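Let me begin by presenting the structure, written as structure tokens, before commenting on it.
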Amino acid sequence: MVTSRRRALLASLFLVAPALSAQTAAPASTPDPRIGLRAGLTDAGQAMWNLRLLSTTPPPREFVPAEIGDFNYMNSDLAFKGTYVIQGNFQGFSVWDVADPTKPRLVHTEVCPEQQNDVSVYRNLLFLSGESANGRVDCGAQGATEPVSPQRMRGVRVVDIADWAHPRVLANVQTCRGSHTHTLVTDPKDTSVVYIYVSGQAPVRPAEELAGCSDALPSQDTASAKFRIDIIRVPLAHPEQASIVSRPRIFESLADPRVHGPSPADSAENAHEADSARAAGAFVITFQGSPLIVPSGFADEMLDSIVKSHGRTGAPTASDSAELRGGIQGFADNMFLAPMGPGGVRLGPDQCHDITVYPALGVAGGACAGYGFLLDIKDPAHPTRVAAVADSNFSYWHSATFNNDATKVIFTDEWGGGVAPRCRATDKPEWGADAIFTIAGGKTLSFQRYYKLPAAQTSVENCVAHNGNLIPVPGRDLMVQGWYQGGISVFDFTDPAHPMEIAYFDRGPVDSTKLRMAGSWSAYWYNGVIYSSEIARGLDVLELQPNALLTQNELDAAKLVKLTYQNVQDQQRLTWPASFVVARAYLDQLERGHGLAPDRITAIRAALGTAESATVQKRRTTLNALASQLTRDATNASDGTKVRTLAGVVKDLAK
């Protein structure tokens, strides 16, 4: 029973987002060309708007499954270093040289079976996440099949990549719940170290395999591996000494939030599919209130573990299958269902799916199953929770993205876990979407609007909000995002209450008859182009095109931002050099938004042109005069703030 005092405490700890409809943009054309695209692995139909596909490079042969959509061969996330892209895969990782993005060149493929092989890079170090039972400390393909094995690897690998062709594992930092994802965290105050925030979702390992692991609740055992994150400290001079330095309990005092159940259409469809699957011998669990067919890879792995637990080898028997069928729901509940706390209150989440940090501003956004967190990370080894939000329209808080000044944050909802169709015409636009929040005073989250892919997808396309990042156009908040087989969507959330799609790329499903895993796991802008990790098809590279919603000046200004490396979950502050193209980008925005009178915009363009071609002294004089005029213009302009920003850019140019 929740007492009134406890209820008041919980109310003070989290906000509940109001249920507002999702915002979608009018399609570029009617009917939307994304509807009804031809299916196929390499010859699927394509639709794009304001994007150009520069290249599609298939995965290396080591990562090509025998059957399309094999769960154990999925491409996962991306990290960037110089002109290289590191692409994770459930079988290892690939390194691509993208100095020419129209022709990516495979540099190296490293086989190291593990789920998910989430990747981060820093200097000459690569970090890989692992949480599946088949992962081995030596990366062996034979797996670790014993229930307790000294060879099993669940945690974060630290890999030396000074020589791309010969990566060396320096350390395997083992954790009690593995590492589903991880976040590399830089410390502005100490450049001799980096930290790794570990988000592990696997069941707690037995203490016989990893000493100190406890599956009890924290109230029963203070050493509990639940309701905490693990933080690894990596001394850059000796990365082989990487180790866990803290285990902050950022989940304290949260109750299990309300979430929506399956839609009526899902309930009927899932029940029918589940019955057919059971009849064919598949394993079915109940997940988020709906039957879910267990992927064959997971089932085979668990069956093999049962065989080994009985001291046998070879194929599983009927009794092994019966044993798994009787225990698989309990396994799933232990992995996904919130435990019951004191007084019969079901507790809130005990692990995050992903954490996005913004070290320059000392904040982080935690996407933590049933909640979105705002964290203070000024002391990166000891983060604290500042705020938490829950929303019954969200099913599974998956990832977070801040805008550049951290006055807004977008959380994604991976309803269906990424393996289900959640963008059908029958799916609510508020479900499986992005939720946009504003941040006041660095402490208060206020919900503004949902954004969801505006084009309906089919029932054979896994589709839901997934990974993306900012496009560095000055003066605007733009994001590119992967939606699995929903493709890629670029949208503007400068006005958080009215997000708007401005570009897209989509393919037809890989199979027209049944759902197979494919699509954009993540779509990220990096140094002028967009890279998408296509689960089944390889690596896509795309380029934004100028249009009525995004001018050439804005694109050229975005391309001025050059990063030496990028891990999207470790956001770096974006800055632009003093440049005429940046001034023209702001001027284009003022024209598009009617923020300044047309005659003044014409005059300012002319003044910028005159200054750019003038001598140094004449340029300085012209620009200083223009900056003064702009400051006066701001008083009566309908967008005075942007005019003042433009005046500041012009002043910097004058210097």
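Note on naming: chains are A, B, ... as they come in the structure tokens, residues start from 1 per chain, ligands start from 1 in the order shown.
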
List every residue of range 464-531 of chain A that DSSP, applied to the backbone of this structure, assigns to strand (DSSP E), and report them as a PDB file with N, CA, C and O atoms, in the first residue's frame.
ATOM      1  N   GLY A 468      19.516   8.742 -33.022  1.00  0.00           N
ATOM      2  CA  GLY A 468      19.829   9.855 -33.905  1.00  0.00           C
ATOM      3  C   GLY A 468      20.644  10.900 -33.180  1.00  0.00           C
ATOM      4  O   GLY A 468      20.979  10.752 -32.000  1.00  0.00           O
ATOM      5  N   ASN A 469      20.965  12.001 -33.873  1.00  0.00           N
ATOM      6  CA  ASN A 469      21.717  13.083 -33.239  1.00  0.00           C
ATOM      7  C   ASN A 469      21.425  14.411 -33.923  1.00  0.00           C
ATOM      8  O   ASN A 469      20.647  14.480 -34.892  1.00  0.00           O
ATOM      9  N   LEU A 470      22.052  15.463 -33.428  1.00  0.00           N
ATOM     10  CA  LEU A 470      21.813  16.810 -33.935  1.00  0.00           C
ATOM     11  C   LEU A 470      22.526  17.033 -35.267  1.00  0.00           C
ATOM     12  O   LEU A 470      23.602  16.505 -35.513  1.00  0.00           O
ATOM     13  N   ILE A 471      21.901  17.863 -36.102  1.00  0.00           N
ATOM     14  CA  ILE A 471      22.540  18.390 -37.301  1.00  0.00           C
ATOM     15  C   ILE A 471      22.926  19.823 -36.977  1.00  0.00           C
ATOM     16  O   ILE A 471      22.063  20.632 -36.609  1.00  0.00           O
ATOM     17  N   LEU A 478      17.859  20.799 -35.163  1.00  0.00           N
ATOM     18  CA  LEU A 478      17.531  19.784 -36.160  1.00  0.00           C
ATOM     19  C   LEU A 478      18.095  18.446 -35.714  1.00  0.00           C
ATOM     20  O   LEU A 478      19.183  18.370 -35.145  1.00  0.00           O
ATOM     21  N   MET A 479      17.371  17.393 -36.000  1.00  0.00           N
ATOM     22  CA  MET A 479      17.802  16.048 -35.612  1.00  0.00           C
ATOM     23  C   MET A 479      17.562  15.081 -36.753  1.00  0.00           C
ATOM     24  O   MET A 479      16.550  15.145 -37.448  1.00  0.00           O
ATOM     25  N   VAL A 480      18.531  14.166 -36.966  1.00  0.00           N
ATOM     26  CA  VAL A 480      18.352  13.040 -37.877  1.00  0.00           C
ATOM     27  C   VAL A 480      18.222  11.798 -37.016  1.00  0.00           C
ATOM     28  O   VAL A 480      18.890  11.665 -35.988  1.00  0.00           O
ATOM     29  N   GLN A 481      17.365  10.873 -37.442  1.00  0.00           N
ATOM     30  CA  GLN A 481      17.031   9.737 -36.576  1.00  0.00           C
ATOM     31  C   GLN A 481      16.708   8.508 -37.405  1.00  0.00           C
ATOM     32  O   GLN A 481      16.028   8.586 -38.435  1.00  0.00           O
ATOM     33  N   GLY A 482      17.204   7.346 -36.947  1.00  0.00           N
ATOM     34  CA  GLY A 482      16.842   6.081 -37.560  1.00  0.00           C
ATOM     35  C   GLY A 482      15.562   5.531 -36.947  1.00  0.00           C
ATOM     36  O   GLY A 482      15.357   5.629 -35.737  1.00  0.00           O
ATOM     37  N   ILE A 488      14.845   6.740 -42.354  1.00  0.00           N
ATOM     38  CA  ILE A 488      15.507   7.865 -41.714  1.00  0.00           C
ATOM     39  C   ILE A 488      14.617   9.092 -41.839  1.00  0.00           C
ATOM     40  O   ILE A 488      14.078   9.372 -42.909  1.00  0.00           O
ATOM     41  N   SER A 489      14.480   9.815 -40.736  1.00  0.00           N
ATOM     42  CA  SER A 489      13.695  11.049 -40.733  1.00  0.00           C
ATOM     43  C   SER A 489      14.544  12.173 -40.171  1.00  0.00           C
ATOM     44  O   SER A 489      15.223  11.998 -39.155  1.00  0.00           O
ATOM     45  N   VAL A 490      14.527  13.326 -40.845  1.00  0.00           N
ATOM     46  CA  VAL A 490      15.172  14.537 -40.360  1.00  0.00           C
ATOM     47  C   VAL A 490      14.067  15.512 -39.976  1.00  0.00           C
ATOM     48  O   VAL A 490      13.157  15.763 -40.775  1.00  0.00           O
ATOM     49  N   PHE A 491      14.119  16.036 -38.739  1.00  0.00           N
ATOM     50  CA  PHE A 491      13.047  16.935 -38.318  1.00  0.00           C
ATOM     51  C   PHE A 491      13.588  18.116 -37.535  1.00  0.00           C
ATOM     52  O   PHE A 491      14.689  18.076 -36.981  1.00  0.00           O
ATOM     53  N   ASP A 492      12.785  19.167 -37.510  1.00  0.00           N
ATOM     54  CA  ASP A 492      13.117  20.430 -36.851  1.00  0.00           C
ATOM     55  C   ASP A 492      12.286  20.524 -35.576  1.00  0.00           C
ATOM     56  O   ASP A 492      11.056  20.450 -35.627  1.00  0.00           O
ATOM     57  N   MET A 500       8.685  19.376 -36.970  1.00  0.00           N
ATOM     58  CA  MET A 500       8.295  19.249 -38.371  1.00  0.00           C
ATOM     59  C   MET A 500       9.339  18.479 -39.153  1.00  0.00           C
ATOM     60  O   MET A 500      10.538  18.788 -39.082  1.00  0.00           O
ATOM     61  N   GLU A 501       8.909  17.472 -39.888  1.00  0.00           N
ATOM     62  CA  GLU A 501       9.833  16.721 -40.735  1.00  0.00           C
ATOM     63  C   GLU A 501      10.273  17.579 -41.911  1.00  0.00           C
ATOM     64  O   GLU A 501       9.465  18.267 -42.540  1.00  0.00           O
ATOM     65  N   ILE A 502      11.597  17.512 -42.222  1.00  0.00           N
ATOM     66  CA  ILE A 502      12.110  18.308 -43.337  1.00  0.00           C
ATOM     67  C   ILE A 502      12.863  17.455 -44.361  1.00  0.00           C
ATOM     68  O   ILE A 502      13.255  17.975 -45.414  1.00  0.00           O
ATOM     69  N   ALA A 503      13.070  16.173 -44.086  1.00  0.00           N
ATOM     70  CA  ALA A 503      13.738  15.292 -45.042  1.00  0.00           C
ATOM     71  C   ALA A 503      13.531  13.850 -44.607  1.00  0.00           C
ATOM     72  O   ALA A 503      13.302  13.577 -43.417  1.00  0.00           O
ATOM     73  N   TYR A 504      13.609  12.914 -45.571  1.00  0.00           N
ATOM     74  CA  TYR A 504      13.509  11.496 -45.215  1.00  0.00           C
ATOM     75  C   TYR A 504      14.161  10.628 -46.276  1.00  0.00           C
ATOM     76  O   TYR A 504      14.394  11.051 -47.415  1.00  0.00           O
ATOM     77  N   PHE A 505      14.436   9.383 -45.861  1.00  0.00           N
ATOM     78  CA  PHE A 505      14.880   8.324 -46.765  1.00  0.00           C
ATOM     79  C   PHE A 505      14.264   7.026 -46.275  1.00  0.00           C
ATOM     80  O   PHE A 505      14.293   6.729 -45.080  1.00  0.00           O
ATOM     81  N   ASP A 506      13.717   6.240 -47.194  1.00  0.00           N
ATOM     82  CA  ASP A 506      13.060   5.000 -46.795  1.00  0.00           C
ATOM     83  C   ASP A 506      13.207   3.966 -47.897  1.00  0.00           C
ATOM     84  O   ASP A 506      13.306   4.302 -49.087  1.00  0.00           O
ATOM     85  N   ARG A 507      13.218   2.709 -47.474  1.00  0.00           N
ATOM     86  CA  ARG A 507      13.183   1.569 -48.388  1.00  0.00           C
ATOM     87  C   ARG A 507      11.964   0.715 -48.080  1.00  0.00           C
ATOM     88  O   ARG A 507      11.395   0.793 -46.987  1.00  0.00           O
ATOM     89  N   SER A 520      17.309   1.017 -40.292  1.00  0.00           N
ATOM     90  CA  SER A 520      18.313   1.912 -39.729  1.00  0.00           C
ATOM     91  C   SER A 520      18.340   1.814 -38.208  1.00  0.00           C
ATOM     92  O   SER A 520      17.440   2.300 -37.522  1.00  0.00           O
ATOM     93  N   TRP A 521      19.389   1.174 -37.688  1.00  0.00           N
ATOM     94  CA  TRP A 521      19.597   1.099 -36.234  1.00  0.00           C
ATOM     95  C   TRP A 521      19.895   2.497 -35.698  1.00  0.00           C
ATOM     96  O   TRP A 521      19.390   2.898 -34.658  1.00  0.00           O
ATOM     97  N   SER A 522      20.734   3.219 -36.426  1.00  0.00           N
ATOM     98  CA  SER A 522      21.071   4.579 -36.028  1.00  0.00           C
ATOM     99  C   SER A 522      21.407   5.381 -37.274  1.00  0.00           C
ATOM    100  O   SER A 522      21.961   4.848 -38.244  1.00  0.00           O
ATOM    101  N   ALA A 523      21.065   6.667 -37.237  1.00  0.00           N
ATOM    102  CA  ALA A 523      21.399   7.587 -38.314  1.00  0.00           C
ATOM    103  C   ALA A 523      22.019   8.818 -37.676  1.00  0.00           C
ATOM    104  O   ALA A 523      21.359   9.504 -36.887  1.00  0.00           O
ATOM    105  N   TYR A 524      23.295   9.089 -38.007  1.00  0.00           N
ATOM    106  CA  TYR A 524      24.039  10.148 -37.343  1.00  0.00           C
ATOM    107  C   TYR A 524      24.707  11.080 -38.359  1.00  0.00           C
ATOM    108  O   TYR A 524      25.317  10.620 -39.332  1.00  0.00           O
ATOM    109  N   TRP A 525      24.619  12.379 -38.092  1.00  0.00           N
ATOM    110  CA  TRP A 525      25.392  13.371 -38.829  1.00  0.00           C
ATOM    111  C   TRP A 525      26.812  13.377 -38.276  1.00  0.00           C
ATOM    112  O   TRP A 525      27.017  13.407 -37.061  1.00  0.00           O
ATOM    113  N   TYR A 526      27.787  13.362 -39.179  1.00  0.00           N
ATOM    114  CA  TYR A 526      29.189  13.468 -38.769  1.00  0.00           C
ATOM    115  C   TYR A 526      29.967  14.159 -39.880  1.00  0.00           C
ATOM    116  O   TYR A 526      30.056  13.658 -41.005  1.00  0.00           O
ATOM    117  N   VAL A 529      28.037  14.713 -43.501  1.00  0.00           N
ATOM    118  CA  VAL A 529      27.154  13.723 -44.119  1.00  0.00           C
ATOM    119  C   VAL A 529      26.466  12.903 -43.031  1.00  0.00           C
ATOM    120  O   VAL A 529      26.812  12.981 -41.852  1.00  0.00           O
ATOM    121  N   ILE A 530      25.505  12.099 -43.448  1.00  0.00           N
ATOM    122  CA  ILE A 530      24.736  11.254 -42.529  1.00  0.00           C
ATOM    123  C   ILE A 530      25.125   9.796 -42.780  1.00  0.00           C
ATOM    124  O   ILE A 530      25.100   9.324 -43.924  1.00  0.00           O
ATOM    125  N   TYR A 531      25.476   9.098 -41.690  1.00  0.00           N
ATOM    126  CA  TYR A 531      25.818   7.676 -41.760  1.00  0.00           C
ATOM    127  C   TYR A 531      24.720   6.888 -41.052  1.00  0.00           C
ATOM    128  O   TYR A 531      24.328   7.223 -39.934  1.00  0.00           O
TER     129      TYR A 531
END

Got a sec: who's within 10 Å of range 249-254 of chain A, counting only C-alpha atoms, leaving out chain neighbours fewer than 5 positions off, as a ChimeraX atom specification? /A:6,9-11,13-14,218,225-230,346-352,366,368,370-371,373,375,382-386,388

Could you list, as a compact mmCIF listing (two decimals) with all heavy atoms, in the first residue's frame, every residue within 12 Å of His108 in chain A, counting only C-alpha atoms and ignoring same-chain residues fewer than 3 positions away?
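File part_35.txt, as written:
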# COMPACT_ATOMS: atom_id res chain seq x y z
N PRO A 59 27.57 -5.48 -45.76
CA PRO A 59 28.44 -5.89 -44.64
C PRO A 59 29.53 -6.83 -45.13
O PRO A 59 29.39 -7.47 -46.18
CB PRO A 59 27.47 -6.58 -43.68
CG PRO A 59 26.32 -7.00 -44.54
CD PRO A 59 26.20 -5.99 -45.62
N PRO A 60 30.63 -6.92 -44.37
CA PRO A 60 31.69 -7.89 -44.74
C PRO A 60 31.15 -9.31 -44.68
O PRO A 60 30.16 -9.59 -43.99
CB PRO A 60 32.76 -7.65 -43.70
CG PRO A 60 32.07 -6.99 -42.55
CD PRO A 60 30.96 -6.19 -43.14
N ARG A 61 31.80 -10.20 -45.40
CA ARG A 61 31.28 -11.58 -45.53
C ARG A 61 31.12 -12.26 -44.18
O ARG A 61 30.24 -13.11 -44.01
CB ARG A 61 32.18 -12.40 -46.45
CG ARG A 61 33.58 -12.65 -45.91
CD ARG A 61 34.42 -13.49 -46.89
NE ARG A 61 35.73 -13.80 -46.34
CZ ARG A 61 36.77 -13.00 -46.40
NH1 ARG A 61 36.63 -11.80 -46.97
NH2 ARG A 61 37.93 -13.36 -45.88
N GLU A 62 31.98 -11.90 -43.20
CA GLU A 62 31.89 -12.53 -41.88
C GLU A 62 30.57 -12.19 -41.18
O GLU A 62 30.15 -12.91 -40.27
CB GLU A 62 33.05 -12.06 -40.99
CG GLU A 62 34.42 -12.52 -41.45
CD GLU A 62 35.08 -11.53 -42.39
OE1 GLU A 62 34.37 -10.68 -42.98
OE2 GLU A 62 36.31 -11.59 -42.53
N TYR A 84 37.28 7.59 -40.10
CA TYR A 84 36.88 6.19 -39.92
C TYR A 84 35.54 6.09 -39.20
O TYR A 84 35.24 6.87 -38.30
CB TYR A 84 37.93 5.41 -39.13
CG TYR A 84 39.27 5.34 -39.83
CD1 TYR A 84 40.27 6.27 -39.55
CD2 TYR A 84 39.52 4.37 -40.79
CE1 TYR A 84 41.50 6.21 -40.20
CE2 TYR A 84 40.75 4.30 -41.45
CZ TYR A 84 41.73 5.23 -41.15
OH TYR A 84 42.93 5.19 -41.80
N VAL A 85 34.77 5.09 -39.61
CA VAL A 85 33.51 4.74 -38.95
C VAL A 85 33.67 3.33 -38.40
O VAL A 85 34.05 2.41 -39.13
CB VAL A 85 32.32 4.80 -39.92
CG1 VAL A 85 31.05 4.32 -39.22
CG2 VAL A 85 32.12 6.20 -40.46
N ILE A 86 33.39 3.17 -37.11
CA ILE A 86 33.39 1.84 -36.49
C ILE A 86 31.94 1.40 -36.34
O ILE A 86 31.13 2.11 -35.74
CB ILE A 86 34.09 1.84 -35.13
CG1 ILE A 86 35.53 2.37 -35.25
CG2 ILE A 86 34.10 0.45 -34.53
CD1 ILE A 86 35.72 3.77 -34.78
N GLN A 87 31.62 0.26 -36.90
CA GLN A 87 30.24 -0.25 -36.90
C GLN A 87 30.17 -1.54 -36.11
O GLN A 87 30.84 -2.53 -36.43
CB GLN A 87 29.77 -0.48 -38.35
CG GLN A 87 28.32 -0.95 -38.47
CD GLN A 87 27.88 -1.10 -39.92
OE1 GLN A 87 28.69 -1.44 -40.79
NE2 GLN A 87 26.62 -0.84 -40.18
N GLY A 92 30.72 -8.97 -34.01
CA GLY A 92 32.00 -8.29 -33.84
C GLY A 92 31.89 -6.83 -34.22
O GLY A 92 30.93 -6.15 -33.87
N PHE A 93 32.87 -6.32 -34.97
CA PHE A 93 32.80 -4.94 -35.44
C PHE A 93 33.59 -4.79 -36.73
O PHE A 93 34.49 -5.58 -37.05
CB PHE A 93 33.30 -3.95 -34.39
CG PHE A 93 34.77 -4.04 -34.06
CD1 PHE A 93 35.72 -3.30 -34.75
CD2 PHE A 93 35.22 -4.87 -33.03
CE1 PHE A 93 37.07 -3.38 -34.45
CE2 PHE A 93 36.57 -4.96 -32.72
CZ PHE A 93 37.50 -4.21 -33.43
N SER A 94 33.23 -3.75 -37.49
CA SER A 94 33.90 -3.42 -38.75
C SER A 94 34.44 -2.01 -38.65
O SER A 94 33.88 -1.15 -37.96
CB SER A 94 32.93 -3.50 -39.94
OG SER A 94 32.32 -4.76 -40.04
N VAL A 95 35.53 -1.76 -39.38
CA VAL A 95 36.10 -0.42 -39.48
C VAL A 95 36.07 -0.01 -40.95
O VAL A 95 36.60 -0.74 -41.81
CB VAL A 95 37.55 -0.37 -38.94
CG1 VAL A 95 38.10 1.05 -39.05
CG2 VAL A 95 37.60 -0.87 -37.51
N TRP A 96 35.46 1.14 -41.21
CA TRP A 96 35.34 1.66 -42.58
C TRP A 96 36.11 2.96 -42.70
O TRP A 96 36.01 3.83 -41.84
CB TRP A 96 33.88 1.92 -42.93
CG TRP A 96 32.97 0.74 -42.79
CD1 TRP A 96 32.19 0.41 -41.71
CD2 TRP A 96 32.71 -0.27 -43.77
NE1 TRP A 96 31.48 -0.74 -41.95
CE2 TRP A 96 31.78 -1.18 -43.21
CE3 TRP A 96 33.19 -0.50 -45.06
CZ2 TRP A 96 31.32 -2.29 -43.90
CZ3 TRP A 96 32.72 -1.61 -45.76
CH2 TRP A 96 31.80 -2.49 -45.18
N ASP A 97 36.86 3.10 -43.79
CA ASP A 97 37.49 4.37 -44.14
C ASP A 97 36.51 5.12 -45.03
O ASP A 97 36.16 4.66 -46.13
CB ASP A 97 38.81 4.10 -44.90
CG ASP A 97 39.56 5.39 -45.21
OD1 ASP A 97 38.94 6.47 -45.20
OD2 ASP A 97 40.77 5.31 -45.50
N ARG A 105 35.55 2.22 -47.65
CA ARG A 105 36.51 1.12 -47.85
C ARG A 105 36.66 0.35 -46.54
O ARG A 105 36.95 0.93 -45.50
CB ARG A 105 37.86 1.68 -48.31
CG ARG A 105 38.94 0.63 -48.53
CD ARG A 105 40.22 1.27 -49.04
NE ARG A 105 40.80 2.17 -48.06
CZ ARG A 105 41.63 1.80 -47.09
NH1 ARG A 105 41.96 0.51 -46.94
NH2 ARG A 105 42.13 2.69 -46.25
N VAL A 111 36.01 -10.44 -35.66
CA VAL A 111 34.97 -11.35 -35.20
C VAL A 111 35.07 -11.50 -33.69
O VAL A 111 36.12 -11.87 -33.16
CB VAL A 111 35.08 -12.72 -35.90
CG1 VAL A 111 34.06 -13.70 -35.31
CG2 VAL A 111 34.88 -12.57 -37.40
N ILE A 161 43.30 0.15 -30.51
CA ILE A 161 43.12 0.20 -31.97
C ILE A 161 44.18 1.09 -32.62
O ILE A 161 43.95 1.66 -33.69
CB ILE A 161 41.71 0.69 -32.34
CG1 ILE A 161 41.38 2.02 -31.64
CG2 ILE A 161 40.66 -0.37 -32.02
CD1 ILE A 161 40.12 2.69 -32.13
N ASP A 163 46.65 0.16 -34.13
CA ASP A 163 46.81 -0.48 -35.44
C ASP A 163 45.46 -1.09 -35.79
O ASP A 163 45.06 -2.11 -35.22
CB ASP A 163 47.89 -1.56 -35.36
CG ASP A 163 48.11 -2.28 -36.69
OD1 ASP A 163 47.35 -2.02 -37.65
OD2 ASP A 163 49.03 -3.12 -36.76
N TRP A 164 44.78 -0.46 -36.75
CA TRP A 164 43.42 -0.92 -37.08
C TRP A 164 43.40 -2.40 -37.47
O TRP A 164 42.44 -3.12 -37.17
CB TRP A 164 42.86 -0.11 -38.25
CG TRP A 164 42.43 1.29 -37.95
CD1 TRP A 164 42.97 2.43 -38.44
CD2 TRP A 164 41.34 1.70 -37.11
NE1 TRP A 164 42.30 3.54 -37.95
CE2 TRP A 164 41.30 3.11 -37.14
CE3 TRP A 164 40.42 1.01 -36.32
CZ2 TRP A 164 40.36 3.85 -36.42
CZ3 TRP A 164 39.48 1.75 -35.61
CH2 TRP A 164 39.46 3.15 -35.66
N ALA A 165 44.45 -2.84 -38.14
CA ALA A 165 44.47 -4.21 -38.64
C ALA A 165 44.71 -5.25 -37.55
O ALA A 165 44.46 -6.43 -37.76
CB ALA A 165 45.54 -4.36 -39.73
N HIS A 166 45.19 -4.79 -36.39
CA HIS A 166 45.51 -5.74 -35.32
C HIS A 166 45.02 -5.19 -33.97
O HIS A 166 45.83 -4.84 -33.10
CB HIS A 166 47.01 -6.00 -35.26
CG HIS A 166 47.57 -6.57 -36.53
ND1 HIS A 166 48.12 -5.77 -37.52
CD2 HIS A 166 47.64 -7.85 -36.99
CE1 HIS A 166 48.51 -6.54 -38.52
NE2 HIS A 166 48.23 -7.80 -38.23
N PRO A 167 43.72 -5.10 -33.76
CA PRO A 167 43.21 -4.64 -32.47
C PRO A 167 43.58 -5.62 -31.36
O PRO A 167 43.61 -6.84 -31.58
CB PRO A 167 41.69 -4.56 -32.68
CG PRO A 167 41.42 -5.50 -33.81
CD PRO A 167 42.63 -5.47 -34.69

Selection: 8 Å around Asp588 in chain A, only C-alpha atoms, excl. self and same-chain fewer than 4 positions, as a VMD selection string: chain A and resid 551 553 to 554 584 592

Using N, CA, C and O atoms, can you export the residues from the last selection as a PDB file, in the first residue's frame?
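The file below, part-v2.pdb, is the result:
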ATOM      1  N   THR A 551      18.393  25.865 -46.368  1.00  0.00           N
ATOM      2  CA  THR A 551      19.107  26.497 -47.474  1.00  0.00           C
ATOM      3  C   THR A 551      20.540  26.003 -47.587  1.00  0.00           C
ATOM      4  O   THR A 551      21.084  25.386 -46.663  1.00  0.00           O
ATOM      5  N   ASN A 553      23.114  27.898 -47.541  1.00  0.00           N
ATOM      6  CA  ASN A 553      23.901  28.592 -46.518  1.00  0.00           C
ATOM      7  C   ASN A 553      23.841  27.855 -45.186  1.00  0.00           C
ATOM      8  O   ASN A 553      24.856  27.726 -44.480  1.00  0.00           O
ATOM      9  N   GLU A 554      22.656  27.366 -44.816  1.00  0.00           N
ATOM     10  CA  GLU A 554      22.524  26.633 -43.557  1.00  0.00           C
ATOM     11  C   GLU A 554      23.332  25.340 -43.594  1.00  0.00           C
ATOM     12  O   GLU A 554      23.997  24.968 -42.610  1.00  0.00           O
ATOM     13  N   ARG A 584      24.910  34.459 -43.193  1.00  0.00           N
ATOM     14  CA  ARG A 584      23.879  34.271 -44.231  1.00  0.00           C
ATOM     15  C   ARG A 584      22.882  33.193 -43.819  1.00  0.00           C
ATOM     16  O   ARG A 584      21.701  33.253 -44.190  1.00  0.00           O
ATOM     17  N   ARG A 592      12.905  33.199 -43.915  1.00  0.00           N
ATOM     18  CA  ARG A 592      11.920  32.115 -43.907  1.00  0.00           C
ATOM     19  C   ARG A 592      10.853  32.332 -42.840  1.00  0.00           C
ATOM     20  O   ARG A 592       9.678  32.051 -43.053  1.00  0.00           O
TER      21      ARG A 592
END

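The two atoms in question, CA of Ser392 in chain A and CA of Trp483 in chain A, are spaced 21.2 Å apart.
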
Please identify all polymer residues within 10 Å of Ile355 in chain A, counting only C-alpha atoms, omitting same-chain residues fewer than 4 positions from it, and present them as an MDAnalysis selection string. chainID A and resid 181:184 197:199 364:368 372:375 398:401 569:570

Please report the interatomic distance between CA of Ala465 in chain A and CA of Arg422 in chain A in Å with one decimal.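 Those two atoms sit 9.0 Å apart.
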
With DSSP run on the backbone, what are the alpha helix (DSSP H) residues within range 274-443 of chain A? I'd like them as number ranges by chain. A: 274-279, 296-309, 318-336

Find the residues around range 621-632 of chain A up to 12 Å (only C-alpha atoms counted), leave out those fewer than 3 positions away in its own chain, and share them as a PyMOL selection string. chain A and resi 580+583+587+596-597+600-601+603-618+635-637+639-655

Pick from A:Cys139, A:Met517, A:Ala387, A:Ala456 nearest to Pro33 in chain A, counting only C-alpha atoms: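 Using only C-alpha atoms, Pro33 in chain A sits closest to A:Ala456.
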
Atom-to-atom span, CA of Glu273 in chain A and CA of Val460 in chain A, Å: 12.8 Å
